[in-house]
$ cat model-v3.pdb   # PDB, C-alpha atoms
ATOM      1  CA  MET A   4     -20.239 -19.404  21.222
ATOM      2  CA  PRO A   5     -19.407 -19.342  17.493
ATOM      3  CA  GLU A   6     -16.534 -21.552  16.411
ATOM      4  CA  ARG A   7     -13.196 -19.752  16.344
ATOM      5  CA  PRO A   8     -11.790 -19.999  12.800
ATOM      6  CA  ALA A   9      -8.782 -22.252  12.381
ATOM      7  CA  ILE A  10      -5.890 -20.848  10.339
ATOM      8  CA  ARG A  11      -3.945 -23.294   8.191
ATOM      9  CA  PRO A  12      -2.076 -23.544   4.875
ATOM     10  CA  ALA A  13      -4.446 -23.848   1.939
ATOM     11  CA  ALA A  14      -4.863 -27.328   0.502
ATOM     12  CA  PRO A  15      -5.064 -27.666  -3.313
ATOM     13  CA  GLU A  16      -8.826 -28.036  -3.158
ATOM     14  CA  ASP A  17      -9.101 -24.801  -1.139
ATOM     15  CA  LEU A  18      -7.671 -22.724  -3.992
ATOM     16  CA  ALA A  19     -10.726 -23.485  -6.115
ATOM     17  CA  ARG A  20     -12.953 -22.166  -3.293
ATOM     18  CA  LEU A  21     -11.307 -18.776  -2.894
ATOM     19  CA  GLY A  22     -13.247 -16.914  -5.592
ATOM     20  CA  PRO A  23     -16.447 -16.672  -3.504
ATOM     21  CA  VAL A  24     -14.427 -15.630  -0.425
ATOM     22  CA  TYR A  25     -12.945 -12.703  -2.329
ATOM     23  CA  GLU A  26     -16.316 -11.836  -3.871
ATOM     24  CA  GLU A  27     -18.026 -11.777  -0.473
ATOM     25  CA  SER A  28     -15.162  -9.711   0.953
ATOM     26  CA  GLY A  29     -15.615  -7.094  -1.780
ATOM     27  CA  PHE A  30     -12.355  -7.647  -3.689
ATOM     28  CA  GLY A  31     -13.457  -9.600  -6.758
ATOM     29  CA  ALA A  32     -12.869 -13.234  -7.659
ATOM     30  CA  ARG A  33      -9.817 -12.430  -9.851
ATOM     31  CA  LEU A  34      -7.668 -12.319  -6.703
ATOM     32  CA  ALA A  35      -8.010 -16.086  -6.423
ATOM     33  CA  GLY A  36      -5.925 -16.383  -9.598
ATOM     34  CA  VAL A  37      -3.315 -13.933  -8.287
ATOM     35  CA  VAL A  38      -2.749 -15.791  -5.011
ATOM     36  CA  GLY A  39      -2.808 -19.163  -6.769
ATOM     37  CA  PHE A  40      -0.056 -17.934  -9.109
ATOM     38  CA  ALA A  41       2.009 -16.721  -6.139
ATOM     39  CA  LYS A  42       1.836 -20.148  -4.524
ATOM     40  CA  ALA A  43       2.523 -22.091  -7.717
ATOM     41  CA  ARG A  44       5.156 -19.878  -9.395
ATOM     42  CA  LEU A  45       6.603 -17.472  -6.811
ATOM     43  CA  ALA A  46       7.648 -19.861  -4.012
ATOM     44  CA  GLY A  47       4.723 -18.488  -2.050
ATOM     45  CA  GLU A  48       2.032 -19.689   0.298
ATOM     46  CA  VAL A  49      -1.688 -19.219   0.789
ATOM     47  CA  VAL A  50      -3.227 -19.496   4.241
ATOM     48  CA  VAL A  51      -6.928 -19.745   4.934
ATOM     49  CA  ALA A  52      -9.229 -19.385   7.908
ATOM     50  CA  GLU A  53     -11.925 -22.036   8.186
ATOM     51  CA  ALA A  54     -15.002 -22.131  10.423
ATOM     52  CA  GLY A  55     -17.698 -24.794  10.283
ATOM     53  CA  GLY A  56     -16.276 -26.220   7.077
ATOM     54  CA  GLU A  57     -16.453 -22.849   5.307
ATOM     55  CA  LEU A  58     -13.549 -20.649   4.266
ATOM     56  CA  VAL A  59     -13.985 -17.253   5.927
ATOM     57  CA  GLY A  60     -10.587 -15.623   5.386
ATOM     58  CA  VAL A  61      -7.440 -15.815   3.272
ATOM     59  CA  ALA A  62      -3.990 -14.248   2.917
ATOM     60  CA  ALA A  63      -1.014 -15.039   0.707
ATOM     61  CA  GLY A  64       2.698 -14.440   0.310
ATOM     62  CA  ALA A  65       5.199 -14.346  -2.551
ATOM     63  CA  VAL A  66       8.980 -14.715  -2.254
ATOM     64  CA  PHE A  67      11.557 -12.695  -4.229
ATOM     65  CA  GLY A  68      14.766 -13.795  -2.556
ATOM     66  CA  ALA A  69      15.563 -11.317   0.218
ATOM     67  CA  THR A  70      12.145  -9.673  -0.070
ATOM     68  CA  GLY A  71       8.652 -11.056   0.197
ATOM     69  CA  TRP A  72       5.183  -9.646  -0.300
ATOM     70  CA  ILE A  73       1.904 -10.165   1.512
ATOM     71  CA  GLY A  74      -1.342  -9.669  -0.365
ATOM     72  CA  GLY A  75      -4.834 -10.888  -0.987
ATOM     73  CA  VAL A  76      -5.770 -10.507   2.687
ATOM     74  CA  ALA A  77      -9.542 -10.853   2.966
ATOM     75  CA  VAL A  78     -12.071 -11.703   5.672
ATOM     76  CA  VAL A  79     -15.770 -12.189   5.020
ATOM     77  CA  PRO A  80     -17.956  -9.575   6.762
ATOM     78  CA  ALA A  81     -19.422 -11.936   9.368
ATOM     79  CA  HIS A  82     -15.962 -12.660  10.796
ATOM     80  CA  ARG A  83     -14.471  -9.170  10.832
ATOM     81  CA  ARG A  84     -13.447  -7.136  13.898
ATOM     82  CA  ALA A  85     -12.200 -10.245  15.667
ATOM     83  CA  GLY A  86      -8.498  -9.973  14.797
ATOM     84  CA  LEU A  87      -8.670 -12.503  11.990
ATOM     85  CA  GLY A  88      -7.023 -10.272   9.375
ATOM     86  CA  GLY A  89      -4.063  -9.684  11.676
ATOM     87  CA  ALA A  90      -3.774 -13.377  12.496
ATOM     88  CA  LEU A  91      -3.776 -14.311   8.799
ATOM     89  CA  THR A  92      -1.117 -11.683   8.108
ATOM     90  CA  GLU A  93       1.044 -12.967  10.965
ATOM     91  CA  ALA A  94       0.806 -16.495   9.549
ATOM     92  CA  VAL A  95       2.133 -15.281   6.198
ATOM     93  CA  VAL A  96       4.879 -13.219   7.893
ATOM     94  CA  ASP A  97       5.963 -16.384   9.718
ATOM     95  CA  PHE A  98       6.104 -18.263   6.407
ATOM     96  CA  LEU A  99       8.127 -15.517   4.705
ATOM     97  CA  GLU A 100      10.594 -15.179   7.557
ATOM     98  CA  ALA A 101      11.026 -18.971   7.627
ATOM     99  CA  SER A 102      11.843 -18.636   3.911
ATOM    100  CA  ARG A 103      14.728 -16.292   4.881
ATOM    101  CA  VAL A 104      13.023 -13.146   3.652
ATOM    102  CA  ALA A 105      14.661 -10.100   5.271
ATOM    103  CA  THR A 106      12.058  -7.474   4.315
ATOM    104  CA  VAL A 107       8.323  -8.054   4.076
ATOM    105  CA  LEU A 108       6.299  -5.630   1.934
ATOM    106  CA  LEU A 109       2.610  -5.021   1.418
ATOM    107  CA  HIS A 110       0.042  -2.489   0.246
ATOM    108  CA  ALA A 111      -2.368  -1.397   2.963
ATOM    109  CA  THR A 112      -5.821   0.095   2.665
ATOM    110  CA  ALA A 113      -6.853   2.747   5.176
ATOM    111  CA  LEU A 114      -8.784   0.035   7.030
ATOM    112  CA  GLY A 115      -5.872  -2.375   7.167
ATOM    113  CA  ARG A 116      -3.062   0.076   7.940
ATOM    114  CA  PRO A 117      -3.568   0.126  11.757
ATOM    115  CA  VAL A 118      -3.487  -3.683  11.791
ATOM    116  CA  TYR A 119      -0.180  -3.749   9.934
ATOM    117  CA  GLU A 120       1.329  -0.995  12.061
ATOM    118  CA  ARG A 121       0.647  -3.119  15.149
ATOM    119  CA  LEU A 122       2.605  -5.903  13.456
ATOM    120  CA  GLY A 123       5.633  -3.654  12.966
ATOM    121  CA  PHE A 124       5.077  -2.422   9.393
ATOM    122  CA  VAL A 125       6.199   1.112   8.516
ATOM    123  CA  ALA A 126       4.530   3.299   5.869
ATOM    124  CA  GLU A 127       6.572   4.448   2.860
ATOM    125  CA  THR A 128       4.513   6.072   0.092
ATOM    126  CA  ALA A 129       1.015   6.042  -1.339
ATOM    127  CA  TYR A 130       0.129   4.164  -4.504
ATOM    128  CA  LEU A 131      -2.668   5.584  -6.639
ATOM    129  CA  THR A 132      -4.814   3.377  -8.834
ATOM    130  CA  LEU A 133      -6.187   5.543 -11.632
ATOM    131  CA  ALA A 134      -8.660   4.458 -14.285
ATOM    132  CA  GLY A 135      -9.363   6.032 -17.630
ATOM    133  CA  PRO A 136     -10.220   5.512 -21.269
ATOM    134  CA  THR A 137      -8.174   3.583 -23.776
ATOM    135  CA  LEU A 138      -7.036   5.863 -26.587
ATOM    136  CA  ALA A 139      -4.767   5.818 -29.608
ATOM    137  CA  PRO A 140      -1.190   6.488 -28.456
ATOM    138  CA  ALA A 141       0.386   9.876 -29.097
ATOM    139  CA  ALA A 142       3.749  10.189 -30.829
ATOM    140  CA  ARG A 143       6.375  10.678 -28.136
ATOM    141  CA  GLY A 144       9.739   9.493 -26.897
ATOM    142  CA  PRO A 145      11.526   6.327 -28.029
ATOM    143  CA  SER A 146       9.956   3.716 -30.277
ATOM    144  CA  VAL A 147       8.095   0.766 -28.766
ATOM    145  CA  ARG A 148       8.443  -2.764 -30.053
ATOM    146  CA  ALA A 149       7.370  -6.250 -29.061
ATOM    147  CA  GLY A 150       9.610  -7.826 -26.470
ATOM    148  CA  ARG A 151      11.819 -10.719 -27.499
ATOM    149  CA  ALA A 152      13.232 -13.652 -25.559
ATOM    150  CA  ALA A 153      16.670 -12.066 -25.901
ATOM    151  CA  ASP A 154      15.444  -8.987 -23.969
ATOM    152  CA  LEU A 155      14.713 -10.894 -20.773
ATOM    153  CA  GLU A 156      18.106 -10.422 -19.090
ATOM    154  CA  ALA A 157      18.044  -6.665 -19.748
ATOM    155  CA  VAL A 158      14.456  -6.492 -18.465
ATOM    156  CA  VAL A 159      15.433  -8.326 -15.271
ATOM    157  CA  ALA A 160      18.299  -5.860 -14.757
ATOM    158  CA  LEU A 161      16.006  -2.848 -15.334
ATOM    159  CA  ASP A 162      13.498  -4.260 -12.887
ATOM    160  CA  ARG A 163      16.100  -4.937 -10.193
ATOM    161  CA  ALA A 164      17.519  -1.395 -10.485
ATOM    162  CA  ALA A 165      14.024   0.109 -10.093
ATOM    163  CA  THR A 166      12.578  -2.151  -7.395
ATOM    164  CA  GLY A 167      15.668  -3.225  -5.455
ATOM    165  CA  GLU A 168      14.224  -6.750  -5.650
ATOM    166  CA  ASP A 169      15.028  -9.949  -7.481
ATOM    167  CA  ARG A 170      11.820 -10.588  -9.432
ATOM    168  CA  ARG A 171      13.459 -12.859 -12.010
ATOM    169  CA  ARG A 172      11.094 -15.741 -11.223
ATOM    170  CA  LEU A 173       8.052 -13.546 -11.881
ATOM    171  CA  LEU A 174       9.415 -11.952 -15.060
ATOM    172  CA  THR A 175      10.570 -15.280 -16.462
ATOM    173  CA  ALA A 176       7.119 -16.769 -15.884
ATOM    174  CA  LEU A 177       5.226 -13.930 -17.579
ATOM    175  CA  TRP A 178       7.605 -12.673 -20.297
ATOM    176  CA  PRO A 179       6.752 -15.449 -22.826
ATOM    177  CA  ALA A 180       3.123 -14.240 -22.789
ATOM    178  CA  GLY A 181       4.249 -11.019 -24.439
ATOM    179  CA  GLY A 182       5.753  -7.746 -23.292
ATOM    180  CA  LEU A 183       6.748  -4.430 -24.846
ATOM    181  CA  VAL A 184      10.136  -2.736 -24.870
ATOM    182  CA  ALA A 185      10.941   0.953 -25.299
ATOM    183  CA  GLY A 186      14.000   1.591 -27.456
ATOM    184  CA  ASP A 187      15.357   0.058 -30.653
ATOM    185  CA  GLY A 188      18.482  -1.376 -29.048
ATOM    186  CA  GLU A 189      19.136  -1.917 -25.352
ATOM    187  CA  PRO A 190      15.757  -1.608 -23.586
ATOM    188  CA  LEU A 191      15.068   1.740 -21.928
ATOM    189  CA  GLY A 192      11.964   0.338 -20.297
ATOM    190  CA  TYR A 193       9.481  -2.506 -20.439
ATOM    191  CA  HIS A 194       5.782  -3.170 -20.104
ATOM    192  CA  LEU A 195       4.498  -6.571 -19.051
ATOM    193  CA  PRO A 196       0.717  -7.068 -19.105
ATOM    194  CA  SER A 197      -1.088  -8.592 -16.167
ATOM    195  CA  PRO A 198      -2.962 -11.864 -16.735
ATOM    196  CA  TRP A 199      -5.616 -10.694 -14.260
ATOM    197  CA  ARG A 200      -6.510  -7.116 -15.265
ATOM    198  CA  PRO A 201      -5.862  -4.545 -18.003
ATOM    199  CA  GLY A 202      -2.716  -2.561 -17.337
ATOM    200  CA  GLY A 203       0.349  -4.254 -15.933
ATOM    201  CA  ALA A 204       3.885  -3.417 -14.910
ATOM    202  CA  ILE A 205       5.893  -0.601 -16.494
ATOM    203  CA  VAL A 206       9.499   0.091 -15.514
ATOM    204  CA  ALA A 207      11.563   2.702 -17.329
ATOM    205  CA  THR A 208      14.895   4.485 -17.064
ATOM    206  CA  SER A 209      13.456   7.912 -17.962
ATOM    207  CA  PRO A 210      10.123   9.733 -17.985
ATOM    208  CA  ASP A 211      10.093   9.753 -21.814
ATOM    209  CA  ALA A 212      10.373   5.967 -21.968
ATOM    210  CA  GLY A 213       7.867   5.455 -19.156
ATOM    211  CA  LEU A 214       5.256   7.780 -20.648
ATOM    212  CA  THR A 215       5.686   6.223 -24.083
ATOM    213  CA  LEU A 216       4.937   2.821 -22.577
ATOM    214  CA  LEU A 217       1.950   4.256 -20.704
ATOM    215  CA  ASP A 218       0.637   5.467 -24.060
ATOM    216  CA  ALA A 219       1.024   1.946 -25.451
ATOM    217  CA  VAL A 220      -0.912   0.484 -22.516
ATOM    218  CA  ARG A 221      -3.698   3.018 -23.019
ATOM    219  CA  ALA A 222      -4.077   1.704 -26.571
ATOM    220  CA  ALA A 223      -4.938  -1.797 -25.311
ATOM    221  CA  PRO A 224      -8.348  -3.233 -26.294
ATOM    222  CA  GLY A 225     -11.215  -2.431 -23.927
ATOM    223  CA  ASP A 226     -13.266   0.477 -22.653
ATOM    224  CA  ASP A 227     -10.917   1.543 -19.879
ATOM    225  CA  VAL A 228      -7.741   0.548 -18.110
ATOM    226  CA  ALA A 229      -6.586   0.810 -14.490
ATOM    227  CA  ILE A 230      -2.949   1.620 -13.701
ATOM    228  CA  SER A 231      -1.344   1.692 -10.241
ATOM    229  CA  VAL A 232       1.570   4.098  -9.791
ATOM    230  CA  PRO A 233       3.516   5.476  -6.820
ATOM    231  CA  ALA A 234       2.456   8.962  -5.789
ATOM    232  CA  ALA A 235       6.214   9.589  -5.645
ATOM    233  CA  ASN A 236       6.286   9.385  -9.465
ATOM    234  CA  PRO A 237       4.652  12.754 -10.231
ATOM    235  CA  ALA A 238       5.418  12.548 -13.964
ATOM    236  CA  ALA A 239       3.276   9.414 -14.284
ATOM    237  CA  VAL A 240       0.468  10.787 -12.112
ATOM    238  CA  ARG A 241       0.295  14.105 -13.996
ATOM    239  CA  PHE A 242       0.354  12.335 -17.357
ATOM    240  CA  LEU A 243      -2.529  10.025 -16.454
ATOM    241  CA  GLU A 244      -4.613  12.818 -14.940
ATOM    242  CA  ALA A 245      -4.091  14.946 -18.059
ATOM    243  CA  ALA A 246      -5.259  11.962 -20.139
ATOM    244  CA  GLY A 247      -8.569  11.864 -18.265
ATOM    245  CA  PHE A 248      -7.713   9.255 -15.667
ATOM    246  CA  THR A 249      -9.232   9.634 -12.206
ATOM    247  CA  GLU A 250      -8.274   8.092  -8.906
ATOM    248  CA  ARG A 251     -10.218   4.932  -8.134
ATOM    249  CA  TYR A 252      -8.550   4.125  -4.815
ATOM    250  CA  ARG A 253      -5.227   4.396  -3.019
ATOM    251  CA  THR A 254      -3.095   2.203  -0.813
ATOM    252  CA  VAL A 255       0.087   2.731   1.175
ATOM    253  CA  ARG A 256       3.231   0.697   0.561
ATOM    254  CA  MET A 257       4.581  -0.556   3.894
ATOM    255  CA  HIS A 258       7.593  -2.593   4.935
ATOM    256  CA  ARG A 259       8.747  -4.639   7.904
ATOM    257  CA  GLY A 260      12.503  -5.151   8.179
ATOM    258  CA  PRO A 261      15.260  -3.167   6.433
ATOM    259  CA  ARG A 262      13.965  -0.620   3.941
ATOM    260  CA  VAL A 263      14.500  -1.697   0.332
ATOM    261  CA  ALA A 264      16.468   0.724  -1.862
ATOM    262  CA  TRP A 265      14.001   1.274  -4.706
ATOM    263  CA  ASP A 266      13.268   4.080  -7.155
ATOM    264  CA  PRO A 267       9.568   4.997  -7.348
ATOM    265  CA  THR A 268      10.232   7.448 -10.206
ATOM    266  CA  ALA A 269      11.165   4.455 -12.404
ATOM    267  CA  LEU A 270       7.855   2.685 -11.790
ATOM    268  CA  PHE A 271       5.050   3.731 -14.147
ATOM    269  CA  GLY A 272       2.773   0.776 -13.450
ATOM    270  CA  ALA A 273       2.481  -2.137 -11.028
ATOM    271  CA  HIS A 274       1.834  -5.789 -11.786
ATOM    272  CA  ASN A 275      -0.819  -5.574  -9.055
ATOM    273  CA  LEU A 276      -1.122  -4.485  -5.444
ATOM    274  CA  PHE A 277       0.053  -7.862  -4.161
ATOM    275  CA  TRP A 278       3.685  -8.019  -5.286
ATOM    276  CA  GLY A 279       4.218  -4.532  -6.658
TER     277      GLY A 279
END
$ encode --input "model-v3.pdb" --output "structure tokens"
Amino acid sequence: MPERPAIRPAAPEDLARLGPVYEESGFGARLAGVVGFAKARLAGEVVVAEAGGELVGVAAGAVFGATGWIGGVAVVPAHRRAGLGGALTEAVVDFLEASRVATVLLHATALGRPVYERLGFVAETAYLTLAGPTLAPAARGPSVRAGRAADLEAVVALDRAATGEDRRRLLTALWPAGGLVAGDGEPLGYHLPSPWRPGGAIVATSPDAGLTLLDAVRAAPGDDVAISVPAANPAAVRFLEAAGFTERYRTVRMHRGPRVAWDPTALFGAHNLFWG
């Protein structure tokens, strides 16, 4: 009989071994950096499954006060269809609930959704990841300027109003690396690039501000850019499709616990599909 994988919290040396696990699972090694950041900077945890001295599965969690996210769930092909993905997810749920998280959120693929539904997660709305060319921005809406340290409190407030979550820890960690703000005075929206992929988070108080920031993101260096947006923000989806973006894949946002009061029409881009 093959050895049943043991599930445990990741040790520091395990984090350096996660890239190949994600590569073999078909997700790309960049996810190792995302889950490592969640553990180090977002009061999170990474759990791994080990068999015969090899890492064969991983999942992670991030904490935003009353809410927490699960992401980076991966199992290598040889150990699939044995309930390991569900067991890894349950381990992260246990960690988040022990951290006094009231609502646990995640993005599910079509393959993973039945697993999460068995664990009590409820579907909310689809997220579309669209990819397209980088182009010079068009003239539209409010002006866009470089974010300043003094903008951080307003950005945190904008983010909380849109997401219903306290993501101050995340925004504080990433804002010094450079963000953009729509509006000359009080910010009408912000863009914060992702350290792990082109694109990044965009939150705005109006379609004009959100689409202006999307234009700025499309002007980033590179051949193309991928942006994840809620299907429930039709203005963003129509704008990207008209700009030549096509759907690369889709996930479904799901929650376990009380539903968070959030506004998908204010979200024009996600940090990633781990913590929204």
$ closest_residue --input "model-v3.pdb" --among "A:Glu53, A:Glu127, A:Asp187, A:Asp97" --to "His82 (chain A)" --atoms "only C-alpha atoms"
A:Glu53
$ resolve_selection --input "model-v3.pdb" --expression "the PyMOL selection byres ((chain A and resi 15-27) around 9)" --output "ChimeraX atom specification"
/A:13-14,28-36,38-39,49,51,58-61,75,77-80
$ closest_residue --input "model-v3.pdb" --among "A:Ala90, A:Leu276, A:Leu270, A:Ile230" --to "Gly135 (chain A)" --atoms "only C-alpha atoms"
A:Ile230
$ residues_around --input "model-v3.pdb" --residues "Phe67 (chain A)" --least-positions-apart "5" --cutoff "9 Å" --atoms "only C-alpha atoms" --output "ChimeraX atom specification"
/A:45-46,72,104,168-173
$ resolve_selection --input "model-v3.pdb" --expression "the PyMOL selection byres ((chain A and resi 208-213) around 9)" --output "list of chain:residue names"
A:Arg143, A:Gly144, A:Pro145, A:Ser146, A:Val147, A:Leu161, A:Ala165, A:Ala185, A:Gly186, A:Pro190, A:Leu191, A:Gly192, A:Tyr193, A:His194, A:Ile205, A:Val206, A:Ala207, A:Leu214, A:Thr215, A:Leu216, A:Leu217, A:Asp218, A:Ala238, A:Ala239, A:Thr268, A:Ala269, A:Leu270, A:Phe271, A:Gly272
$ atom_distance --input "model-v3.pdb" --atom1 "CA of Arg163 (chain A)" --atom2 "CA of Glu120 (chain A)"
27.0 Å
$ atom_distance --input "model-v3.pdb" --atom1 "CA of His258 (chain A)" --atom2 "CA of Gly279 (chain A)"
12.2 Å
$ axis_aligned_box --input "model-v3.pdb" --around "region 182-197 of chain A" --padding-each-side "5 Å" --output "AutoDock Vina command-line options"
--center_x 9.0 --center_y -3.4 --center_z -23.4 --size_x 30.2 --size_y 20.3 --size_z 24.5
$ closest_residue --input "model-v3.pdb" --among "A:Val184, A:Ala85, A:Val158, A:Leu131" --to "Ser231 (chain A)" --atoms "only C-alpha atoms"
A:Leu131
$ resolve_selection --input "model-v3.pdb" --expression "the PyMOL selection byres ((chain A and resi 202) around 12)" --output "JSON list (two decimals) with C-alpha atoms, keeping the file's coordinate frame"
[["chain", "number", "residue", "atom", "x", "y", "z"],
["A", 132, "THR", "CA", -4.81, 3.38, -8.83],
["A", 133, "LEU", "CA", -6.19, 5.54, -11.63],
["A", 134, "ALA", "CA", -8.66, 4.46, -14.28],
["A", 135, "GLY", "CA", -9.36, 6.03, -17.63],
["A", 136, "PRO", "CA", -10.22, 5.51, -21.27],
["A", 137, "THR", "CA", -8.17, 3.58, -23.78],
["A", 182, "GLY", "CA", 5.75, -7.75, -23.29],
["A", 194, "HIS", "CA", 5.78, -3.17, -20.10],
["A", 195, "LEU", "CA", 4.50, -6.57, -19.05],
["A", 196, "PRO", "CA", 0.72, -7.07, -19.10],
["A", 197, "SER", "CA", -1.09, -8.59, -16.17],
["A", 198, "PRO", "CA", -2.96, -11.86, -16.74],
["A", 199, "TRP", "CA", -5.62, -10.69, -14.26],
["A", 200, "ARG", "CA", -6.51, -7.12, -15.26],
["A", 201, "PRO", "CA", -5.86, -4.54, -18.00],
["A", 203, "GLY", "CA", 0.35, -4.25, -15.93],
["A", 204, "ALA", "CA", 3.88, -3.42, -14.91],
["A", 205, "ILE", "CA", 5.89, -0.60, -16.49],
["A", 216, "LEU", "CA", 4.94, 2.82, -22.58],
["A", 217, "LEU", "CA", 1.95, 4.26, -20.70],
["A", 218, "ASP", "CA", 0.64, 5.47, -24.06],
["A", 219, "ALA", "CA", 1.02, 1.95, -25.45],
["A", 220, "VAL", "CA", -0.91, 0.48, -22.52],
["A", 221, "ARG", "CA", -3.70, 3.02, -23.02],
["A", 222, "ALA", "CA", -4.08, 1.70, -26.57],
["A", 223, "ALA", "CA", -4.94, -1.80, -25.31],
["A", 224, "PRO", "CA", -8.35, -3.23, -26.29],
["A", 225, "GLY", "CA", -11.22, -2.43, -23.93],
["A", 227, "ASP", "CA", -10.92, 1.54, -19.88],
["A", 228, "VAL", "CA", -7.74, 0.55, -18.11],
["A", 229, "ALA", "CA", -6.59, 0.81, -14.49],
["A", 230, "ILE", "CA", -2.95, 1.62, -13.70],
["A", 231, "SER", "CA", -1.34, 1.69, -10.24],
["A", 232, "VAL", "CA", 1.57, 4.10, -9.79],
["A", 271, "PHE", "CA", 5.05, 3.73, -14.15],
["A", 272, "GLY", "CA", 2.77, 0.78, -13.45],
["A", 273, "ALA", "CA", 2.48, -2.14, -11.03],
["A", 274, "HIS", "CA", 1.83, -5.79, -11.79],
["A", 275, "ASN", "CA", -0.82, -5.57, -9.06]]
